[in-house]
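> Here you go, this is coords-v1.pdb (PDB, C-alpha atoms, pLDDT in the B column).
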ATOM      1  CA  MET A  24      40.667   3.602  69.613  1.00 95.00           C
ATOM      2  CA  ILE A  25      38.507   0.577  70.430  1.00 96.00           C
ATOM      3  CA  ILE A  26      39.990  -2.300  72.442  1.00 97.00           C
ATOM      4  CA  GLU A  27      38.177  -5.583  72.958  1.00 96.00           C
ATOM      5  CA  ILE A  28      39.055  -7.691  75.977  1.00 96.00           C
ATOM      6  CA  GLU A  29      38.123 -11.266  75.272  1.00 94.00           C
ATOM      7  CA  GLY A  30      38.279 -14.103  77.751  1.00 90.00           C
ATOM      8  CA  TYR A  31      36.359 -17.066  79.048  1.00 88.00           C
ATOM      9  CA  PHE A  32      34.534 -15.057  81.733  1.00 82.00           C
ATOM     10  CA  ASN A  33      34.945 -11.563  80.379  1.00 85.00           C
ATOM     11  CA  GLN A  34      34.050  -9.927  77.067  1.00 91.00           C
ATOM     12  CA  THR A  35      34.396  -6.162  77.282  1.00 95.00           C
ATOM     13  CA  VAL A  36      34.835  -3.373  74.766  1.00 96.00           C
ATOM     14  CA  LEU A  37      36.723  -0.255  75.845  1.00 97.00           C
ATOM     15  CA  GLN A  38      37.259   3.071  74.153  1.00 96.00           C
ATOM     16  CA  ALA A  39      40.572   4.845  74.652  1.00 96.00           C
ATOM     17  CA  ASP A  40      41.294   8.499  73.936  1.00 93.00           C
ATOM     18  CA  GLU A  41      44.763   7.663  72.639  1.00 93.00           C
ATOM     19  CA  ASN A  42      45.776   5.501  69.692  1.00 95.00           C
ATOM     20  CA  TYR A  43      48.129   2.959  71.223  1.00 95.00           C
ATOM     21  CA  SER A  44      50.454   0.748  69.219  1.00 95.00           C
ATOM     22  CA  LEU A  45      50.462  -3.027  69.706  1.00 95.00           C
ATOM     23  CA  LYS A  46      53.727  -2.715  71.667  1.00 96.00           C
ATOM     24  CA  GLU A  47      52.233  -0.070  73.957  1.00 96.00           C
ATOM     25  CA  ILE A  48      49.144  -2.222  74.600  1.00 97.00           C
ATOM     26  CA  GLU A  49      51.347  -5.245  75.335  1.00 96.00           C
ATOM     27  CA  LYS A  50      53.323  -3.214  77.878  1.00 96.00           C
ATOM     28  CA  ILE A  51      50.165  -1.822  79.486  1.00 96.00           C
ATOM     29  CA  TYR A  52      48.580  -5.294  79.613  1.00 96.00           C
ATOM     30  CA  LEU A  53      51.621  -6.927  81.238  1.00 94.00           C
ATOM     31  CA  ASP A  54      51.969  -4.073  83.719  1.00 94.00           C
ATOM     32  CA  ILE A  55      48.352  -4.303  84.873  1.00 95.00           C
ATOM     33  CA  LYS A  56      48.318  -8.105  84.773  1.00 93.00           C
ATOM     34  CA  ASN A  57      51.223  -8.140  87.241  1.00 93.00           C
ATOM     35  CA  LYS A  58      49.353  -5.760  89.588  1.00 93.00           C
ATOM     36  CA  ILE A  59      46.031  -7.606  89.736  1.00 93.00           C
ATOM     37  CA  GLN A  60      45.236 -11.029  91.125  1.00 91.00           C
ATOM     38  CA  ILE A  61      42.083 -11.739  89.102  1.00 90.00           C
ATOM     39  CA  ILE A  62      42.189 -11.145  85.333  1.00 90.00           C
ATOM     40  CA  ASP A  63      38.486 -10.191  85.378  1.00 90.00           C
ATOM     41  CA  LYS A  64      39.557  -6.871  86.918  1.00 92.00           C
ATOM     42  CA  LEU A  65      41.554  -5.918  83.817  1.00 94.00           C
ATOM     43  CA  PRO A  66      38.858  -3.727  82.188  1.00 94.00           C
ATOM     44  CA  LYS A  67      38.229  -1.815  85.414  1.00 94.00           C
ATOM     45  CA  GLU A  68      41.964  -1.204  85.882  1.00 94.00           C
ATOM     46  CA  LEU A  69      42.372  -0.018  82.283  1.00 94.00           C
ATOM     47  CA  CYS A  70      39.546   2.440  82.845  1.00 95.00           C
ATOM     48  CA  LYS A  71      41.047   3.601  86.121  1.00 94.00           C
ATOM     49  CA  TYR A  72      44.685   4.047  85.076  1.00 93.00           C
ATOM     50  CA  TYR A  73      44.379   4.817  81.346  1.00 94.00           C
ATOM     51  CA  ASN A  74      41.107   6.791  81.210  1.00 94.00           C
ATOM     52  CA  MET A  75      39.322   4.258  79.046  1.00 96.00           C
ATOM     53  CA  ILE A  76      35.565   3.906  79.090  1.00 96.00           C
ATOM     54  CA  GLU A  77      33.441   0.798  78.642  1.00 95.00           C
ATOM     55  CA  VAL A  78      31.152   0.841  75.612  1.00 94.00           C
ATOM     56  CA  ASN A  79      28.431  -1.476  74.413  1.00 89.00           C
ATOM     57  CA  LYS A  80      29.558  -3.813  71.677  1.00 81.00           C
ATOM     58  CA  ASN A  81      27.505  -3.850  68.526  1.00 83.00           C
ATOM     59  CA  LYS A  82      28.046  -4.969  64.955  1.00 80.00           C
ATOM     60  CA  GLU A  83      28.925  -1.464  63.762  1.00 85.00           C
ATOM     61  CA  ILE A  84      31.909  -1.020  66.092  1.00 88.00           C
ATOM     62  CA  LYS A  85      35.239  -1.823  64.472  1.00 92.00           C
ATOM     63  CA  VAL A  86      37.685  -3.090  67.081  1.00 95.00           C
ATOM     64  CA  ASP A  87      41.269  -1.838  66.662  1.00 96.00           C
ATOM     65  CA  ILE A  88      43.012  -4.250  69.047  1.00 97.00           C
ATOM     66  CA  VAL A  89      41.924  -7.466  70.786  1.00 97.00           C
ATOM     67  CA  ILE A  90      43.399  -8.641  74.091  1.00 96.00           C
ATOM     68  CA  ASP A  91      42.752 -12.350  74.602  1.00 96.00           C
ATOM     69  CA  THR A  92      43.182 -12.926  78.330  1.00 94.00           C
ATOM     70  CA  ASP A  93      42.978 -16.714  77.984  1.00 93.00           C
ATOM     71  CA  THR A  94      46.054 -16.946  75.745  1.00 93.00           C
ATOM     72  CA  ASP A  95      47.731 -13.578  76.511  1.00 93.00           C
ATOM     73  CA  ARG A  96      47.581 -12.868  72.784  1.00 96.00           C
ATOM     74  CA  ILE A  97      47.207  -9.274  71.596  1.00 97.00           C
ATOM     75  CA  TYR A  98      46.387  -8.675  67.952  1.00 97.00           C
ATOM     76  CA  LYS A  99      44.681  -6.489  65.371  1.00 96.00           C
ATOM     77  CA  PRO A 100      41.580  -8.153  63.924  1.00 93.00           C
ATOM     78  CA  TYR A 101      41.056  -8.426  60.173  1.00 89.00           C
ATOM     79  CA  TYR A 102      37.823  -7.203  58.640  1.00 84.00           C
TER      80      TYR A 102
END
Starting from the file, give its structure as structure tokens.

Amino acid sequence: MIIEIEGYFNQTVLQADENYSLKEIEKIYLDIKNKIQIIDKLPKELCKYYNMIEVNKNKEIKVDIVIDTDTDRIYKPYY
């Protein structure tokens, strides 16, 4: 599963071993957001606690879920 974290200061693409549902990602996001003080640390915390790895974004990668840290919106992109 590929998760893109999109924000004003942070654009990161992570790969997760598990296929999470939107509800699961929302819960994970809110849990980590409440633990950290700076939203820029979100990718590092996802890697640490959920065994995700950071990958280079390219045009061939299809993102499964986007987390917009500016608006707290989590959605599946349309291709």
> So what does the PyMOL selection byres ((chain A and resi 68) around 12) actually pick up in this one, as number ranges by chain?
A: 37, 51-52, 54-67, 69-77
> Using only C-alpha atoms, which of the listed residues (A:Leu53, A:Ile84, A:Asn79, A:Leu45) sits closest to Lys99 of chain A?
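Looking at the shortest contact to Lys99 of chain A, the residue is A:Leu45.
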> Go through A:Asp87, A:Asp93, A:Pro100, A:Val78 one by one, measure the shortest atom-to-atom distance of each to Val36 of chain A using only C-alpha atoms, and give the residue with the smallest value.
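Smallest separation from Val36 of chain A among the options: A:Val78.
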> Taking all listed atoms of segment 40-53 of chain A, build the axis-aligned box, pad each of the six sides by 8 Å, then write its centre and edge lengths in Å to one decimal as lines of an AutoDock Vina configuration file.

center_x = 47.5
center_y = 0.8
center_z = 75.2
size_x = 28.4
size_y = 31.4
size_z = 28.0
> What residues come out when you apply the PyMOL selection byres ((chain A and resi 28) around 10) to this file, written as a VMD selection string?
chain A and resid 25 to 27 29 to 30 33 to 37 63 65 to 66 88 to 92 97
> Just write the chosen residues, C-alpha atoms, as a PDB file, keeping the file's coordinate frame.

ATOM      1  CA  ILE A  25      38.507   0.577  70.430  1.00 96.00           C
ATOM      2  CA  ILE A  26      39.990  -2.300  72.442  1.00 97.00           C
ATOM      3  CA  GLU A  27      38.177  -5.583  72.958  1.00 96.00           C
ATOM      4  CA  GLU A  29      38.123 -11.266  75.272  1.00 94.00           C
ATOM      5  CA  GLY A  30      38.279 -14.103  77.751  1.00 90.00           C
ATOM      6  CA  ASN A  33      34.945 -11.563  80.379  1.00 85.00           C
ATOM      7  CA  GLN A  34      34.050  -9.927  77.067  1.00 91.00           C
ATOM      8  CA  THR A  35      34.396  -6.162  77.282  1.00 95.00           C
ATOM      9  CA  VAL A  36      34.835  -3.373  74.766  1.00 96.00           C
ATOM     10  CA  LEU A  37      36.723  -0.255  75.845  1.00 97.00           C
ATOM     11  CA  ASP A  63      38.486 -10.191  85.378  1.00 90.00           C
ATOM     12  CA  LEU A  65      41.554  -5.918  83.817  1.00 94.00           C
ATOM     13  CA  PRO A  66      38.858  -3.727  82.188  1.00 94.00           C
ATOM     14  CA  ILE A  88      43.012  -4.250  69.047  1.00 97.00           C
ATOM     15  CA  VAL A  89      41.924  -7.466  70.786  1.00 97.00           C
ATOM     16  CA  ILE A  90      43.399  -8.641  74.091  1.00 96.00           C
ATOM     17  CA  ASP A  91      42.752 -12.350  74.602  1.00 96.00           C
ATOM     18  CA  THR A  92      43.182 -12.926  78.330  1.00 94.00           C
ATOM     19  CA  ILE A  97      47.207  -9.274  71.596  1.00 97.00           C
TER      20      ILE A  97
END
> Using the atoms already present, construct N, CA and C atoms for segment 73-100 of chain A and hand them back as a short mmCIF file (atom, residue, chain, number, x, y, z; two decimals), in the coordinates of the input.

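Output file out-v3.cif follows:
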data_model
loop_
_atom_site.label_atom_id
_atom_site.label_comp_id
_atom_site.auth_asym_id
_atom_site.auth_seq_id
_atom_site.Cartn_x
_atom_site.Cartn_y
_atom_site.Cartn_z
N TYR A 73 44.13 4.32 82.71
CA TYR A 73 44.38 4.82 81.35
C TYR A 73 43.19 5.57 80.76
N ASN A 74 42.26 5.96 81.61
CA ASN A 74 41.11 6.79 81.21
C ASN A 74 40.32 6.21 80.06
N MET A 75 40.15 4.90 80.06
CA MET A 75 39.32 4.26 79.05
C MET A 75 37.91 4.16 79.58
N ILE A 76 36.95 4.06 78.67
CA ILE A 76 35.56 3.91 79.09
C ILE A 76 34.98 2.66 78.44
N GLU A 77 34.09 2.00 79.16
CA GLU A 77 33.44 0.80 78.64
C GLU A 77 32.30 1.21 77.73
N VAL A 78 32.22 0.56 76.57
CA VAL A 78 31.15 0.84 75.61
C VAL A 78 30.42 -0.45 75.28
N ASN A 79 29.21 -0.31 74.83
CA ASN A 79 28.43 -1.48 74.41
C ASN A 79 28.92 -1.95 73.05
N LYS A 80 29.11 -3.24 72.95
CA LYS A 80 29.56 -3.81 71.68
C LYS A 80 28.36 -4.01 70.77
N ASN A 81 28.52 -3.57 69.54
CA ASN A 81 27.50 -3.85 68.53
C ASN A 81 28.21 -4.14 67.22
N LYS A 82 27.47 -4.54 66.23
CA LYS A 82 28.05 -4.97 64.96
C LYS A 82 28.74 -3.84 64.20
N GLU A 83 28.37 -2.60 64.50
CA GLU A 83 28.92 -1.46 63.76
C GLU A 83 30.27 -0.99 64.32
N ILE A 84 30.64 -1.43 65.50
CA ILE A 84 31.91 -1.02 66.09
C ILE A 84 33.03 -1.84 65.49
N LYS A 85 34.04 -1.16 65.00
CA LYS A 85 35.24 -1.82 64.47
C LYS A 85 36.31 -1.79 65.56
N VAL A 86 36.69 -2.96 66.02
CA VAL A 86 37.68 -3.09 67.08
C VAL A 86 39.08 -2.91 66.48
N ASP A 87 39.91 -2.09 67.14
CA ASP A 87 41.27 -1.84 66.66
C ASP A 87 42.25 -2.89 67.17
N ILE A 88 42.10 -3.28 68.43
CA ILE A 88 43.01 -4.25 69.05
C ILE A 88 42.21 -5.18 69.95
N VAL A 89 42.55 -6.47 69.92
CA VAL A 89 41.92 -7.47 70.79
C VAL A 89 42.97 -7.97 71.78
N ILE A 90 42.57 -8.04 73.05
CA ILE A 90 43.40 -8.64 74.09
C ILE A 90 42.70 -9.92 74.52
N ASP A 91 43.31 -11.05 74.21
CA ASP A 91 42.75 -12.35 74.60
C ASP A 91 43.40 -12.74 75.92
N THR A 92 42.63 -12.66 77.00
CA THR A 92 43.18 -12.93 78.33
C THR A 92 43.39 -14.41 78.60
N ASP A 93 42.78 -15.28 77.80
CA ASP A 93 42.98 -16.71 77.98
C ASP A 93 44.35 -17.16 77.47
N THR A 94 44.79 -16.55 76.37
CA THR A 94 46.05 -16.95 75.74
C THR A 94 47.15 -15.89 75.85
N ASP A 95 46.82 -14.73 76.42
CA ASP A 95 47.73 -13.58 76.51
C ASP A 95 48.14 -13.08 75.13
N ARG A 96 47.30 -13.31 74.15
CA ARG A 96 47.58 -12.87 72.78
C ARG A 96 46.95 -11.50 72.56
N ILE A 97 47.70 -10.60 71.93
CA ILE A 97 47.21 -9.27 71.60
C ILE A 97 47.39 -9.10 70.09
N TYR A 98 46.31 -8.75 69.41
CA TYR A 98 46.39 -8.68 67.95
C TYR A 98 45.39 -7.67 67.39
N LYS A 99 45.61 -7.32 66.12
CA LYS A 99 44.68 -6.49 65.37
C LYS A 99 43.79 -7.42 64.56
N PRO A 100 42.47 -7.29 64.70
CA PRO A 100 41.58 -8.15 63.92
C PRO A 100 41.53 -7.74 62.46
#
